[in-house]
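This is structure_38.csv. It holds CSV, C-alpha atoms.
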chain,number,residue,atom,x,y,z
K,113,MET,CA,48.4,66.3,240.1
K,114,SER,CA,49.4,63.0,238.6
K,115,LYS,CA,51.3,62.0,235.4
K,116,VAL,CA,49.3,60.2,232.8
K,117,MET,CA,49.7,59.2,229.1
K,118,LEU,CA,47.2,61.2,227.0
K,119,VAL,CA,46.5,59.4,223.8
K,120,HIS,CA,44.8,60.8,220.7
K,121,HIS,CA,43.6,59.0,217.6
K,122,SER,CA,42.8,60.4,214.2
K,123,GLU,CA,40.7,58.5,211.7
K,124,ILE,CA,38.7,56.8,214.4
K,125,ALA,CA,36.9,60.1,215.0
K,126,LEU,CA,35.4,59.9,211.5
K,127,LYS,CA,33.9,56.4,211.9
K,128,GLY,CA,30.5,57.6,213.0
K,129,MET,CA,28.4,54.8,214.6
K,130,ASN,CA,31.4,52.5,214.5
K,131,ARG,CA,33.6,54.9,216.5
K,132,SER,CA,33.0,53.1,219.8
K,133,ARG,CA,34.0,49.8,218.3
K,134,PHE,CA,37.3,51.2,216.9
K,135,GLU,CA,38.1,52.9,220.2
K,136,SER,CA,37.5,49.6,222.0
K,137,PHE,CA,40.0,47.9,219.8
K,138,LEU,CA,42.5,50.6,220.4
K,139,VAL,CA,42.1,50.4,224.2
K,140,LYS,CA,42.4,46.6,224.0
K,141,ASN,CA,45.6,46.8,221.9
K,142,LEU,CA,47.1,49.4,224.3
K,143,LYS,CA,46.3,47.1,227.3
K,144,ASP,CA,47.9,44.2,225.5
K,145,LYS,CA,51.0,46.2,224.6
K,146,LEU,CA,51.4,47.6,228.1
K,147,ARG,CA,50.4,44.5,230.1
K,148,ASP,CA,53.9,44.2,231.7
K,149,PHE,CA,53.9,47.8,233.0
K,150,SER,CA,51.5,47.6,235.9
K,151,LEU,CA,48.8,49.9,234.7
K,152,GLU,CA,46.4,51.4,237.1
K,153,LYS,CA,43.7,51.8,234.5
K,154,ILE,CA,42.9,53.0,231.0
K,155,SER,CA,40.0,55.4,230.4
K,156,ARG,CA,38.2,56.7,227.4
K,157,VAL,CA,37.5,60.5,227.8
K,158,GLN,CA,35.9,62.6,225.1
K,159,ALA,CA,37.8,61.2,222.1
K,160,ARG,CA,40.9,60.7,224.2
K,161,ILE,CA,42.4,57.7,225.9
K,162,VAL,CA,44.0,58.3,229.3
K,163,ILE,CA,46.5,55.8,230.6
K,164,TYR,CA,47.2,55.8,234.4
K,165,LEU,CA,50.5,54.3,235.5
K,166,ARG,CA,51.4,53.0,239.0
K,167,ASN,CA,55.1,53.8,238.5
K,168,ASP,CA,56.4,56.9,236.8
K,169,GLU,CA,59.8,55.3,236.4
K,170,LEU,CA,58.3,53.1,233.6
K,171,ILE,CA,57.4,56.1,231.4
K,172,PRO,CA,60.3,55.8,229.0
K,173,ASN,CA,59.4,52.1,228.3
K,174,VAL,CA,55.7,53.0,228.0
K,175,VAL,CA,56.5,55.7,225.5
K,176,SER,CA,58.5,53.3,223.4
K,177,SER,CA,55.7,50.8,223.5
K,178,ILE,CA,52.9,53.2,222.5
K,179,LYS,CA,54.9,54.3,219.5
K,180,LYS,CA,54.2,50.8,218.1
K,181,VAL,CA,50.4,50.8,218.6
K,182,PHE,CA,48.6,51.4,215.3
K,183,GLY,CA,45.6,53.8,215.7
K,184,VAL,CA,47.6,56.2,217.9
K,185,LYS,CA,48.1,59.5,216.0
K,186,TRP,CA,50.0,61.2,218.9
K,187,PHE,CA,50.3,61.1,222.6
K,188,ALA,CA,51.7,63.1,225.5
K,189,ILE,CA,53.1,62.7,229.0
K,190,ALA,CA,50.6,64.9,230.8
K,191,GLU,CA,49.8,66.2,234.2
K,192,GLU,CA,46.2,65.6,235.2
K,193,CYS,CA,44.4,68.1,237.5
K,194,GLU,CA,40.9,69.1,238.3
K,195,GLU,CA,38.8,71.1,235.8
K,196,ASP,CA,39.5,74.3,237.7
K,197,LEU,CA,41.3,77.4,236.4
K,198,SER,CA,43.4,77.9,239.5
K,199,LYS,CA,44.4,74.2,239.4
K,200,ILE,CA,45.3,74.4,235.7
K,201,LYS,CA,47.5,77.5,236.4
K,202,ASP,CA,49.3,75.8,239.2
K,203,THR,CA,49.9,72.7,237.1
K,204,ALA,CA,51.2,74.7,234.2
K,205,PHE,CA,53.4,76.7,236.6
K,206,SER,CA,54.9,73.5,238.1
K,207,LEU,CA,55.4,71.9,234.7
K,208,CYS,CA,57.3,74.9,233.4
K,209,SER,CA,59.5,75.4,236.5
K,210,ASN,CA,62.8,74.5,234.7
K,211,LEU,CA,61.8,75.6,231.2
K,212,LEU,CA,60.6,79.2,231.2
K,213,SER,CA,62.6,82.3,231.9
K,214,GLU,CA,63.2,85.8,230.5
K,215,ASP,CA,65.2,84.4,227.6
K,216,VAL,CA,62.6,81.8,226.6
K,217,SER,CA,59.5,82.6,224.6
K,218,PHE,CA,56.4,80.5,224.7
K,219,ARG,CA,52.7,80.3,223.9
K,220,VAL,CA,49.8,78.4,225.4
K,221,VAL,CA,47.7,76.2,223.2
K,222,ALA,CA,44.4,75.2,224.8
K,223,LYS,CA,41.5,73.0,223.7
K,224,ARG,CA,38.2,72.9,225.5
K,225,ALA,CA,36.4,69.6,225.0
K,226,ASP,CA,34.0,70.4,227.8
K,227,LYS,CA,31.9,73.3,226.5
K,228,ASN,CA,30.5,73.9,230.0
K,229,PHE,CA,33.9,75.1,231.2
K,230,SER,CA,33.7,78.8,232.1
K,231,LEU,CA,36.3,80.0,229.6
K,232,ASN,CA,36.6,79.2,225.9
K,233,SER,CA,39.9,78.0,224.4
K,234,MET,CA,41.2,81.5,223.6
K,235,GLN,CA,40.3,82.9,227.0
K,236,LEU,CA,42.0,80.0,228.7
K,237,GLU,CA,45.2,80.6,226.7
K,238,GLU,CA,45.2,84.3,227.6
K,239,GLU,CA,44.6,83.6,231.3
K,240,VAL,CA,47.3,80.9,231.7
K,241,GLY,CA,49.7,82.8,229.4
K,242,ALA,CA,49.4,85.9,231.5
K,243,PHE,CA,49.9,83.9,234.7
K,244,LEU,CA,53.1,82.3,233.4
K,245,VAL,CA,54.4,85.7,232.2
K,246,SER,CA,53.9,87.1,235.7
K,247,LYS,CA,55.7,84.2,237.3
K,248,TYR,CA,58.6,83.6,234.9
K,249,LYS,CA,58.9,86.9,233.1
K,250,ALA,CA,58.9,84.9,229.8
K,251,LYS,CA,57.7,86.5,226.6
K,252,VAL,CA,54.7,85.3,224.6
K,253,ASP,CA,55.4,84.6,221.0
K,254,LEU,CA,52.3,83.3,219.1
K,255,LYS,CA,54.2,82.6,215.8
K,256,ASN,CA,57.5,81.1,216.6
K,257,PRO,CA,57.6,80.2,220.3
K,258,MET,CA,60.6,78.4,221.8
K,259,ARG,CA,58.2,76.4,224.0
K,260,LYS,CA,54.5,75.4,223.9
K,261,VAL,CA,52.3,74.7,226.8
K,262,TYR,CA,49.3,72.5,225.9
K,263,ILE,CA,46.1,72.4,227.9
K,264,GLU,CA,43.1,70.2,227.3
K,265,VAL,CA,39.9,70.5,229.3
K,266,THR,CA,37.5,67.6,229.5
K,267,LYS,CA,34.6,66.9,231.8
K,268,GLY,CA,35.9,66.9,235.3
K,269,LYS,CA,39.6,66.9,234.4
K,270,ALA,CA,42.2,69.0,232.7
K,271,TYR,CA,45.5,67.9,231.2
K,272,VAL,CA,48.7,70.0,230.8
K,273,TYR,CA,51.7,68.9,228.8
K,274,LEU,CA,54.7,70.3,226.9
K,275,GLU,CA,55.2,67.9,223.9
K,276,LYS,CA,53.3,65.8,221.4
K,277,ILE,CA,54.9,62.5,220.6
K,278,GLN,CA,54.0,61.0,217.2
K,279,GLY,CA,52.5,57.6,217.0
K,280,PRO,CA,52.3,55.4,213.9
K,281,GLY,CA,48.8,56.5,212.9
K,282,GLY,CA,46.6,54.1,211.0
K,283,LEU,CA,43.8,52.0,212.5
K,284,PRO,CA,43.9,49.6,215.5
K,285,VAL,CA,45.1,46.1,214.5
K,286,GLY,CA,42.0,43.8,214.4
K,287,VAL,CA,39.3,46.2,213.2
K,288,ALA,CA,39.7,45.1,209.6
K,289,GLY,CA,39.6,41.4,210.3
K,290,LYS,CA,42.2,38.7,209.5
K,291,LEU,CA,44.5,38.4,206.5
K,292,ILE,CA,46.9,35.7,205.4
K,293,SER,CA,50.3,37.3,204.7
K,294,LEU,CA,52.6,35.5,202.3
K,295,ILE,CA,55.9,36.2,203.9
K,296,SER,CA,59.3,35.4,202.3
K,297,GLY,CA,62.8,36.2,203.4
K,298,GLY,CA,63.0,39.3,201.2
K,299,ILE,CA,62.6,43.0,201.8
K,300,ASP,CA,59.1,43.5,200.4
K,301,SER,CA,56.7,41.1,202.1
K,302,PRO,CA,57.5,42.2,205.8
K,303,VAL,CA,56.9,45.8,204.7
K,304,ALA,CA,53.7,44.9,203.0
K,305,SER,CA,52.6,43.0,206.2
K,306,TRP,CA,53.4,46.1,208.3
K,307,LEU,CA,51.3,48.3,206.0
K,308,ALA,CA,48.4,45.9,206.2
K,309,MET,CA,48.5,46.0,209.9
K,310,LYS,CA,48.5,49.8,209.8
K,311,ARG,CA,45.2,49.6,208.1
K,312,GLY,CA,43.7,47.5,210.9
K,313,ALA,CA,44.4,43.9,209.7
K,314,GLN,CA,45.4,41.1,212.0
K,315,LEU,CA,47.9,38.8,210.2
K,316,ILE,CA,48.4,35.1,210.0
K,317,TYR,CA,51.6,34.3,208.2
K,318,LEU,CA,52.3,31.7,205.5
K,319,HIS,CA,55.8,30.9,204.3
K,320,PHE,CA,56.9,28.5,201.5
K,321,HIS,CA,60.3,26.9,201.9
K,322,PRO,CA,62.2,24.5,199.5
K,323,TYR,CA,63.1,21.9,202.1
K,324,GLU,CA,61.7,18.5,202.9
K,325,SER,CA,61.7,19.4,206.6
K,326,SER,CA,60.8,22.7,208.3
K,327,GLU,CA,63.7,22.5,210.8
K,328,ALA,CA,65.9,24.9,208.8
K,329,VAL,CA,63.1,27.5,208.9
K,330,ARG,CA,62.1,27.3,212.5
K,331,ASN,CA,65.1,29.2,213.7
K,332,SER,CA,65.8,31.2,210.6
K,333,LYS,CA,65.3,34.9,209.9
K,334,ILE,CA,61.6,34.1,209.1
K,335,ARG,CA,61.1,33.6,212.8
K,336,GLU,CA,62.9,36.8,213.6
K,337,LEU,CA,60.9,38.8,211.1
K,338,ILE,CA,57.6,37.5,212.6
K,339,LEU,CA,58.7,38.2,216.1
K,340,LEU,CA,59.6,41.8,215.1
K,341,LEU,CA,56.4,42.4,213.3
K,342,SER,CA,54.5,41.0,216.3
K,343,GLU,CA,55.7,44.0,218.2
K,344,TRP,CA,53.4,46.1,216.1
K,345,GLY,CA,50.4,43.9,217.0
K,346,SER,CA,50.3,41.0,214.6
K,347,SER,CA,50.0,37.4,215.8
K,348,ARG,CA,53.0,35.1,215.9
K,349,LYS,CA,51.2,32.3,214.0
K,350,LEU,CA,53.0,30.9,211.0
K,351,TYR,CA,52.0,28.2,208.5
K,352,LEU,CA,54.9,26.5,206.9
K,353,ALA,CA,54.4,24.9,203.5
K,354,SER,CA,57.0,22.9,201.6
K,355,SER,CA,57.4,23.7,197.9
K,356,SER,CA,59.2,20.3,197.2
K,357,GLU,CA,56.1,18.8,195.6
K,358,PHE,CA,55.8,21.7,193.2
K,359,LEU,CA,59.5,21.8,192.4
K,360,LEU,CA,59.5,18.0,191.7
K,361,ARG,CA,56.6,18.2,189.2
K,362,SER,CA,57.5,21.5,187.6
K,363,VAL,CA,60.8,20.1,186.3
K,364,SER,CA,58.8,18.5,183.4
K,365,LEU,CA,57.0,21.7,182.4
K,366,SER,CA,56.9,22.1,178.6
K,367,ILE,CA,57.4,25.9,179.0
K,368,PRO,CA,59.6,26.3,182.1
K,369,GLU,CA,59.4,30.1,181.9
K,370,TYR,CA,56.0,29.9,183.4
K,371,ASN,CA,57.0,28.1,186.6
K,372,ILE,CA,57.2,31.2,188.8
K,373,HIS,CA,53.7,32.2,187.8
K,374,LEU,CA,52.4,28.7,188.5
K,375,PHE,CA,54.2,28.7,191.8
K,376,LYS,CA,52.5,32.0,192.8
K,377,LYS,CA,49.2,30.5,191.9
K,378,LEU,CA,50.0,27.6,194.2
K,379,MET,CA,50.8,30.0,197.0
K,380,PHE,CA,47.5,31.8,196.5
K,381,ARG,CA,45.5,28.5,196.4
K,382,VAL,CA,47.2,27.2,199.6
K,383,ALA,CA,46.7,30.6,201.3
K,384,GLU,CA,43.0,30.5,200.3
K,385,GLU,CA,42.5,27.2,201.9
K,386,ILE,CA,44.2,28.3,205.1
K,387,ALA,CA,42.1,31.4,205.1
K,388,LYS,CA,39.0,29.3,205.3
K,389,LYS,CA,40.3,27.6,208.4
K,390,GLU,CA,41.4,30.9,210.0
K,391,ASN,CA,38.3,32.8,208.9
K,392,ALA,CA,40.6,35.3,207.1
K,393,LYS,CA,39.2,37.7,204.5
K,394,GLY,CA,42.1,38.2,202.1
K,395,ILE,CA,45.7,37.5,201.1
K,396,VAL,CA,48.6,40.0,201.5
K,397,THR,CA,51.6,39.9,199.1
K,398,GLY,CA,54.7,42.2,198.7
K,399,ASP,CA,54.0,42.7,195.0
K,400,SER,CA,55.1,46.0,193.5
K,401,LEU,CA,53.8,46.7,190.0
K,402,SER,CA,56.3,45.7,187.3
K,403,GLN,CA,59.1,45.3,189.7
K,404,LYS,CA,59.6,41.6,188.8
K,405,ALA,CA,58.4,39.3,186.0
K,406,SER,CA,55.7,37.9,188.4
K,407,GLN,CA,54.5,41.3,189.2
K,408,THR,CA,53.4,42.7,185.8
K,409,LEU,CA,49.8,43.3,185.2
K,410,GLU,CA,49.7,40.3,182.8
K,411,ALA,CA,51.2,38.1,185.5
K,412,MET,CA,48.8,39.3,188.2
K,413,ARG,CA,45.9,38.5,185.9
K,414,VAL,CA,46.8,34.9,185.4
K,415,THR,CA,47.7,34.2,189.0
K,416,ASP,CA,44.6,35.9,190.4
K,417,VAL,CA,42.0,34.2,188.2
K,418,GLY,CA,39.9,31.8,190.2
K,419,ILE,CA,41.1,33.0,193.6
K,420,GLY,CA,38.0,33.7,195.7
K,421,LEU,CA,39.6,36.2,198.1
K,422,PRO,CA,40.9,39.7,197.6
K,423,ILE,CA,44.6,39.8,197.0
K,424,ILE,CA,45.9,42.9,198.8
K,425,ARG,CA,49.1,44.5,197.5
K,426,PRO,CA,50.1,47.4,199.8
K,427,LEU,CA,53.3,48.1,197.9
K,428,LEU,CA,51.7,48.2,194.5
K,429,GLY,CA,52.8,51.8,193.8
K,430,TYR,CA,56.1,51.8,195.8
K,431,ASP,CA,59.5,51.8,194.1
K,432,LYS,CA,62.3,49.7,195.6
K,433,ASP,CA,64.0,52.7,197.3
K,434,GLU,CA,60.7,53.6,199.0
K,435,THR,CA,60.3,50.1,200.2
K,436,VAL,CA,63.9,49.8,201.5
K,437,SER,CA,63.5,53.2,203.3
K,438,LEU,CA,60.4,52.0,205.1
K,439,ALA,CA,62.0,48.6,205.9
K,440,GLN,CA,64.9,50.5,207.5
K,441,ARG,CA,62.5,52.7,209.5
K,442,ILE,CA,60.5,49.8,210.9
K,443,GLY,CA,63.5,47.6,211.5
K,444,THR,CA,63.0,44.7,209.1
K,445,TYR,CA,65.7,45.6,206.6
K,446,GLU,CA,68.7,44.2,208.4
K,447,LEU,CA,66.9,40.9,208.9
K,448,SER,CA,65.7,40.8,205.3
K,449,ILE,CA,69.2,41.1,203.8
K,450,LYS,CA,70.5,38.2,205.8
K,451,GLU,CA,71.4,35.2,203.6
K,452,TYR,CA,68.5,32.7,203.2
K,453,LYS,CA,67.6,30.2,200.6
K,454,ASP,CA,64.1,30.7,199.4
K,455,CYS,CA,61.9,29.1,196.7
K,456,CYS,CA,62.2,31.8,194.1
K,457,SER,CA,66.0,31.1,193.7
K,458,LEU,CA,65.1,27.7,192.4
K,459,MET,CA,62.7,29.0,189.7
K,460,ALA,CA,63.4,29.7,186.0
K,461,LYS,CA,66.1,32.3,185.6
K,462,HIS,CA,64.3,34.1,182.8
K,463,PRO,CA,60.6,33.9,183.5
K,464,ILE,CA,58.1,35.3,181.0
K,465,THR,CA,57.0,38.8,181.8
K,466,LYS,CA,53.7,38.6,179.9
K,467,PRO,CA,52.2,35.2,180.5
K,468,ASN,CA,49.2,34.2,178.3
K,469,LEU,CA,46.1,33.1,180.2
K,470,SER,CA,45.2,30.2,178.0
K,471,THR,CA,48.8,28.9,178.0
K,472,PHE,CA,48.9,29.3,181.8
K,473,GLU,CA,45.7,27.3,182.2
K,474,ARG,CA,47.0,24.6,180.0
K,475,LEU,CA,50.2,24.3,182.0
K,476,GLU,CA,48.1,24.2,185.3
K,477,LYS,CA,46.5,21.0,184.0
K,478,GLU,CA,49.8,19.7,182.6
K,479,ILE,CA,51.4,19.5,186.1
K,480,ASN,CA,48.0,19.0,187.8
K,481,LEU,CA,48.3,22.1,190.1
K,482,GLU,CA,45.2,21.3,192.1
K,483,GLU,CA,46.7,18.0,193.1
K,484,ILE,CA,49.9,19.8,194.1
K,485,VAL,CA,47.7,22.1,196.3
K,486,ARG,CA,46.2,19.1,198.0
K,487,GLU,CA,49.5,17.4,198.6
K,488,THR,CA,51.1,20.6,199.9
K,489,LEU,CA,48.2,21.2,202.3
K,490,LYS,CA,48.6,17.7,203.7
K,491,ASN,CA,52.1,18.6,205.0
K,492,VAL,CA,51.5,22.1,206.2
K,493,GLU,CA,52.9,22.8,209.7
K,494,VAL,CA,51.6,25.4,212.1
K,495,ILE,CA,53.9,27.2,214.5
K,496,GLU,CA,53.1,29.8,217.1
K,497,PHE,CA,56.3,31.5,218.3

In structure tokens, write the structure found in this file.
Amino acid sequence: MSKVMLVHHSEIALKGMNRSRFESFLVKNLKDKLRDFSLEKISRVQARIVIYLRNDELIPNVVSSIKKVFGVKWFAIAEECEEDLSKIKDTAFSLCSNLLSEDVSFRVVAKRADKNFSLNSMQLEEEVGAFLVSKYKAKVDLKNPMRKVYIEVTKGKAYVYLEKIQGPGGLPVGVAGKLISLISGGIDSPVASWLAMKRGAQLIYLHFHPYESSEAVRNSKIRELILLLSEWGSSRKLYLASSSEFLLRSVSLSIPEYNIHLFKKLMFRVAEEIAKKENAKGIVTGDSLSQKASQTLEAMRVTDVGIGLPIIRPLLGYDKDETVSLAQRIGTYELSIKEYKDCCSLMAKHPITKPNLSTFERLEKEINLEEIVRETLKNVEVIEF
């Protein structure tokens, strides 16, 4: 017998001919996440991934790490044994030594992936259940057991465990390609980034700041947010763009209530150019429909016109309470509420909620937005934390 981490995925099983590619990404991401834990090997076994450790003392740290790997539906600390009924019984007996007694009810839950095994799943449950009853005098309760003993039989090996540990679900980071994530110091954009990663996107970050120099940003909460998100699999690459050129020119706008919308168009255009360099396939924002003046349908229409990449809004249907709750769960909330001067605080206090497209296009020309894009790109800095 030896302890292993038995990992299960969910959606990957539905990917047909692409399944092997998705599993390969998941194995790679697990290796990257666990690279400091002296793994013996990672194997793919009949829609499962088995992680072999050299040191069982590292199991608590490994468990914490696997919980942050997208694509993992659930996993278990399991005992591996030979695909043999007597070995399975002995393993279950050993694993339950401090758990089962006359006062503890249980049931056995078996799954037979190897159809050549002599017993089907129900027969295996009955055999092992009866054996454990004879050894521990415990009672079988199929409906509301106090304990469950899980058994999985694969080709050549069987796995016995007592608990399923939930993973984050989703798809392995990287399978969906790269996206440019517009990250601010607020609550929404880090959560949107996390949700994009959950759907398999690898993120490159872009942050706009209101300073002439980026020094104030390099050690700010923006850095902390990116490092925290990187624990879930994203890169630590950040493009820093100054909004000073835009702020300087937008002072003369004939209709200042449009400046937040023009600034958003600037962000999309700069992100689009960076995406070409990074071979990214889209742009992620923290927009939630109608939450702010820049997030109405009319506003989205004027800012999206002419952008050649899909603009992905994972929070579109979220209300603020839902976003805050998720931010608290993933750990970004406390960082997001730290004081930080961002660009939006310097925009018009009462932006128009239903911008007109023809007026917007006239104002684009009025401040020569395309020239601002070019000037902004000249001074973009790249940092890899």

Q | From K:Leu283, K:Phe229, K:Ser342, K:Ser213, residue lying nearest Met258 of chain K [all atoms listed in the file] | A | K:Ser213

Q.
Would you pick out the contacts of Lys180 of chain K at 10 Å or less, using all atoms listed in the file, so that residues sharing its chain but fewer than 5 positions from it are not included, and give the list as JSON, numbers by chain?
A. {"K": [142, 145, 175, 279, 280, 281, 341, 342, 343, 344, 345, 442]}

(Q) Can you measure atom CA of Ser246 of chain K to atom CA of Ser209 of chain K for me? One decimal in Å is fine. (A) 13.0 Å

Q: Grab the atom CA of Lys267 of chain K to atom CA of Glu195 of chain K distance for me, in Å with one decimal place.
A: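 Answer for the atom CA of Lys267 of chain K to atom CA of Glu195 of chain K separation: 7.2 Å.
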
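Residues in contact with Val261 of chain K at 9 Å, where all atoms listed in the file are counted and same-chain residues fewer than 5 positions away are skipped, are listed as Ala204, Leu207, Cys208, Phe218, Arg219, Val220, Val221, Ala222, Gly241, Val272, Tyr273, Leu274 and Glu275 of chain K.
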
(Q) One number please: atom CA of Ser346 of chain K to atom CA of Tyr317 of chain K, in Å, one decimal. (A) 9.4 Å

Q: Find the residue from K:Ser132, K:Ser355, K:Ser448, K:Asn468 that sits nearest to Leu489 of chain K; use only C-alpha atoms when measuring.
A: K:Ser355

(Q) List the spatial neighbours of Phe187 of chain K as a PyMOL selection string - criterion: any atom at most 10 Å away, only C-alpha atoms, same-chain residues fewer than 6 positions off excluded. (A) chain K and resi 117-121+160-162+175+178-179+275-279

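Among the candidates K:Ala411, K:Ile338, K:Ala353, K:Met379, the one nearest to Asn491 of chain K when counting only C-alpha atoms is K:Ala353.
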
Q.
Give me, as a PyMOL selection string, all polymer residues having an atom no more than 7 Å from Leu307 of chain K, counting only C-alpha atoms and skipping those fewer than 4 positions away in the same chain.
A. chain K and resi 303+311+426

Q | Best match for closeness to Pro467 of chain K among K:Pro368, K:Gly420, K:Gly394, K:Gly289, counting only C-alpha atoms | A |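 Using only C-alpha atoms, Pro467 of chain K sits closest to K:Pro368.
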
Some atoms are missing, so please complete segment 212-229 of chain K with N, CA and C atoms and return it as a JSON list (two decimals), in the coordinates of the input.
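Printed below is part_4.json as written:
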[["chain", "number", "residue", "atom", "x", "y", "z"],
["K", 212, "LEU", "N", 60.83, 77.83, 231.54],
["K", 212, "LEU", "CA", 60.60, 79.20, 231.20],
["K", 212, "LEU", "C", 61.43, 80.19, 231.96],
["K", 213, "SER", "N", 61.83, 81.24, 231.25],
["K", 213, "SER", "CA", 62.60, 82.30, 231.90],
["K", 213, "SER", "C", 62.52, 83.54, 230.97],
["K", 214, "GLU", "N", 63.21, 84.59, 231.31],
["K", 214, "GLU", "CA", 63.20, 85.80, 230.50],
["K", 214, "GLU", "C", 63.70, 85.59, 229.11],
["K", 215, "ASP", "N", 64.56, 84.60, 228.95],
["K", 215, "ASP", "CA", 65.20, 84.40, 227.60],
["K", 215, "ASP", "C", 64.42, 83.33, 226.81],
["K", 216, "VAL", "N", 63.32, 82.82, 227.30],
["K", 216, "VAL", "CA", 62.60, 81.80, 226.60],
["K", 216, "VAL", "C", 61.19, 82.26, 226.26],
["K", 217, "SER", "N", 60.87, 82.25, 224.97],
["K", 217, "SER", "CA", 59.50, 82.60, 224.60],
["K", 217, "SER", "C", 58.60, 81.40, 224.57],
["K", 218, "PHE", "N", 57.30, 81.65, 224.67],
["K", 218, "PHE", "CA", 56.40, 80.50, 224.70],
["K", 218, "PHE", "C", 54.99, 80.97, 224.26],
["K", 219, "ARG", "N", 54.13, 80.00, 224.09],
["K", 219, "ARG", "CA", 52.70, 80.30, 223.90],
["K", 219, "ARG", "C", 51.92, 79.13, 224.52],
["K", 220, "VAL", "N", 50.69, 79.43, 224.88],
["K", 220, "VAL", "CA", 49.80, 78.40, 225.40],
["K", 220, "VAL", "C", 48.81, 78.02, 224.32],
["K", 221, "VAL", "N", 48.63, 76.70, 224.16],
["K", 221, "VAL", "CA", 47.70, 76.20, 223.20],
["K", 221, "VAL", "C", 46.63, 75.38, 223.95],
["K", 222, "ALA", "N", 45.42, 75.86, 223.96],
["K", 222, "ALA", "CA", 44.40, 75.20, 224.80],
["K", 222, "ALA", "C", 43.26, 74.67, 223.87],
["K", 223, "LYS", "N", 42.65, 73.61, 224.37],
["K", 223, "LYS", "CA", 41.50, 73.00, 223.70],
["K", 223, "LYS", "C", 40.47, 72.66, 224.73],
["K", 224, "ARG", "N", 39.25, 73.12, 224.53],
["K", 224, "ARG", "CA", 38.20, 72.90, 225.50],
["K", 224, "ARG", "C", 37.19, 71.89, 224.93],
["K", 225, "ALA", "N", 37.31, 70.66, 225.39],
["K", 225, "ALA", "CA", 36.40, 69.60, 225.00],
["K", 225, "ALA", "C", 35.06, 69.73, 225.75],
["K", 226, "ASP", "N", 35.15, 70.19, 227.01],
["K", 226, "ASP", "CA", 34.00, 70.40, 227.80],
["K", 226, "ASP", "C", 33.44, 71.80, 227.62],
["K", 227, "LYS", "N", 32.38, 71.94, 226.85],
["K", 227, "LYS", "CA", 31.90, 73.30, 226.50],
["K", 227, "LYS", "C", 31.19, 73.97, 227.70],
["K", 228, "ASN", "N", 31.04, 73.26, 228.81],
["K", 228, "ASN", "CA", 30.50, 73.90, 230.00],
["K", 228, "ASN", "C", 31.53, 74.59, 230.85],
["K", 229, "PHE", "N", 32.79, 74.42, 230.49],
["K", 229, "PHE", "CA", 33.90, 75.10, 231.20],
["K", 229, "PHE", "C", 33.70, 76.62, 231.01]]
